[in-house]
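Asks: Take this structure, written in structure tokens, and hold onto it; I'll ask about it next.
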Amino acid sequence: MLDLHVATSPEVKEAIEKGAVAVLAVGALEQHGAHLPLSTDSVMSHGVARRVCEAIDGLLLPPIVYGDAWNNEGFAGTLSLSPDTLRAILLDLGHGLKRTGVRALVIVNGHFGNREPIALAARMLKQEVGFPVMHLDYPGMERIAEKICDSKPAAPTFYHADEVETSMMLALAPELVRMDKAAPEYPVFPEIFGMAPIGLDSFNKSGVFGDPTSATAKKGETLIAGIVEESVRLIGIFLA
Ligand SMILES: [Zn+2]
């Protein structure tokens with residue numbers, strides 16, 4: 001694996017000549033309650049991307065640490081990119097990777113709001129310049145969470161500052177977690193959630209969705225290992 005944050009140009013050239021694939025984490029600067037930092041989605045996605053990269057001997061790109069987090073802008077500290085900006089960044093990076101001879105790009109997405117701009121950028125890079133991009137949203141997470149977590153998610157497949165994310169942060173960056181401030185909140189979702197743009201602060205007080213109090217680093221390690229294993233399997237299919 002080669003980390004482009006510390007690599008030199010000749011090292012990258014050699015890896016590209018051997019057919020290395022680039023791996024890019026896309027996170028967010030977004031509120032995660034009182035116990036997790038704003039960088040949570042960036043730390044988690046880059047942590048997963050690093051392990052995926054180690055497994056496939058890839059090129060680890062520095063992460064994108066902002067994302068499209070408009071629905072958390074009602075909470076202080078959340079700074080969002082527009083979908084157009086995020087898509088434009090991904091297009092620029094994709095064109096650059098293609099120009100420099102990289103075989104393909106794997107995006108490890110850590111934030112729900114990034115899904116649409118990432119999928120559109122991937123489609124455009126494929127259609128316009130024939131550059132292959134795969135985007136992963138923590139495959140396997142739901143299955144593992146259901147098996148090992150003691151608490152229920154606030155809504156199906158909705159993991160935000162809860163037991164899942166807190167466990168993964170305890171595994172990746174325990175020094176950033178304030179467990180003494182972790183407290184549950186199970187907000188009542190508006191009936192038309194997902195059918196109209198609704199800021200999360202209009203029905204959630206703490207920024208927590210679910211119960212982070214039973215989070216442990218061990219659960220986080222299990223989640224990360226399972227997500228990495230499933231990601232590597234899917235990347236194998238993508239590259240075949
Ligand atoms: Zn998150």
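Scheme for the structure tokens: letters A, B, ... for chains in order shown; per-chain residue numbers from 1; ligand numbers from 1 in order shown.
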Please check which protein, DNA or RNA residues sit within 10 Å of ligand 1, counting only C-alpha atoms and all ligand atoms, and write them as a ChimeraX atom specification.

Replies: /A:27-33,36-45,110-112,158-162,164-166,169,208

Asks: Which residue gives the smallest distance to Gly96 of chain A among A:Ala22, A:Leu60, A:Ala183, A:Ile192, with only C-alpha atoms counted?

Replies: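 The shortest atom-to-atom distance to Gly96 of chain A comes from A:Ala22.
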
Asks: Could you give me, as an MDAnalysis selection string, the residues within 12 Å of Pro190 of chain A, counting only C-alpha atoms and dropping anything in the same chain fewer than 2 positions from it?

Replies: chainID A and resid 155 187:188 192:204

Asks: Using only C-alpha atoms, find the one residue out of A:Val65, A:Ile118, A:Leu105, A:Leu136 that sits nearest to Leu90 of chain A.

Replies: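 Of A:Val65, A:Ile118, A:Leu105, A:Leu136, the one nearest Leu90 of chain A is A:Ile118, counting only C-alpha atoms.
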
Asks: Might you pull out every residue within 9 Å of Ser82 of chain A, with only C-alpha atoms counted and same-chain residues fewer than 6 positions away left off, and present them as a list in words?

Replies: Gly67, Asp68, Ala69 and Trp70 of chain A

Asks: Excluding Ile16 of chain A and its own-chain neighbours fewer than 6 positions away, which residues fall within 10 Å of it when counting only C-alpha atoms? Please give them as an MDAnalysis selection string.

Replies: chainID A and resid 10 22 58:59 97 100:103

Asks: Could you list, as number ranges by chain, every residue within 9 Å of Ser167 of chain A, counting only C-alpha atoms and ignoring same-chain residues fewer than 3 positions away?

Replies: A: 162-164, 170-172, 212, 214-221, 223

Asks: Any chance you can output those residues with N, CA and C atoms as a tab-separated table (two decimals), in the first residue's frame?

Replies:
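The file below, selection.tsv, is the result:
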chain	number	residue	atom	x	y	z
A	162	ASP	N	-24.50	6.86	16.97
A	162	ASP	CA	-25.14	5.79	17.73
A	162	ASP	C	-24.11	4.76	18.19
A	163	GLU	N	-24.58	3.56	18.54
A	163	GLU	CA	-23.67	2.50	18.99
A	163	GLU	C	-22.68	2.09	17.90
A	164	VAL	N	-23.16	2.05	16.65
A	164	VAL	CA	-22.31	1.64	15.52
A	164	VAL	C	-21.18	2.64	15.30
A	170	LEU	N	-14.33	4.42	18.59
A	170	LEU	CA	-13.52	3.91	19.72
A	170	LEU	C	-12.40	3.00	19.21
A	171	ALA	N	-12.67	2.31	18.10
A	171	ALA	CA	-11.64	1.44	17.52
A	171	ALA	C	-10.58	2.24	16.76
A	172	LEU	N	-11.00	3.31	16.09
A	172	LEU	CA	-10.09	4.04	15.20
A	172	LEU	C	-9.40	5.23	15.86
A	212	PRO	N	-25.66	5.46	22.01
A	212	PRO	CA	-24.22	5.20	21.92
A	212	PRO	C	-23.60	4.62	23.18
A	214	SER	N	-23.67	1.87	24.82
A	214	SER	CA	-23.14	0.50	24.88
A	214	SER	C	-22.04	0.25	23.85
A	215	ALA	N	-21.51	1.33	23.27
A	215	ALA	CA	-20.44	1.20	22.27
A	215	ALA	C	-19.15	0.72	22.91
A	216	THR	N	-18.42	-0.12	22.17
A	216	THR	CA	-17.09	-0.55	22.63
A	216	THR	C	-16.14	-0.61	21.43
A	217	ALA	N	-14.85	-0.51	21.71
A	217	ALA	CA	-13.84	-0.61	20.65
A	217	ALA	C	-13.87	-2.00	20.00
A	218	LYS	N	-14.19	-3.02	20.80
A	218	LYS	CA	-14.23	-4.39	20.27
A	218	LYS	C	-15.32	-4.53	19.21
A	219	LYS	N	-16.50	-3.96	19.50
A	219	LYS	CA	-17.58	-3.97	18.49
A	219	LYS	C	-17.14	-3.20	17.25
A	220	GLY	N	-16.46	-2.09	17.47
A	220	GLY	CA	-15.97	-1.29	16.35
A	220	GLY	C	-15.00	-2.07	15.48
A	221	GLU	N	-14.10	-2.81	16.12
A	221	GLU	CA	-13.14	-3.64	15.37
A	221	GLU	C	-13.87	-4.69	14.54
A	223	LEU	N	-16.97	-4.54	13.40
A	223	LEU	CA	-17.64	-3.85	12.29
A	223	LEU	C	-16.65	-3.51	11.18
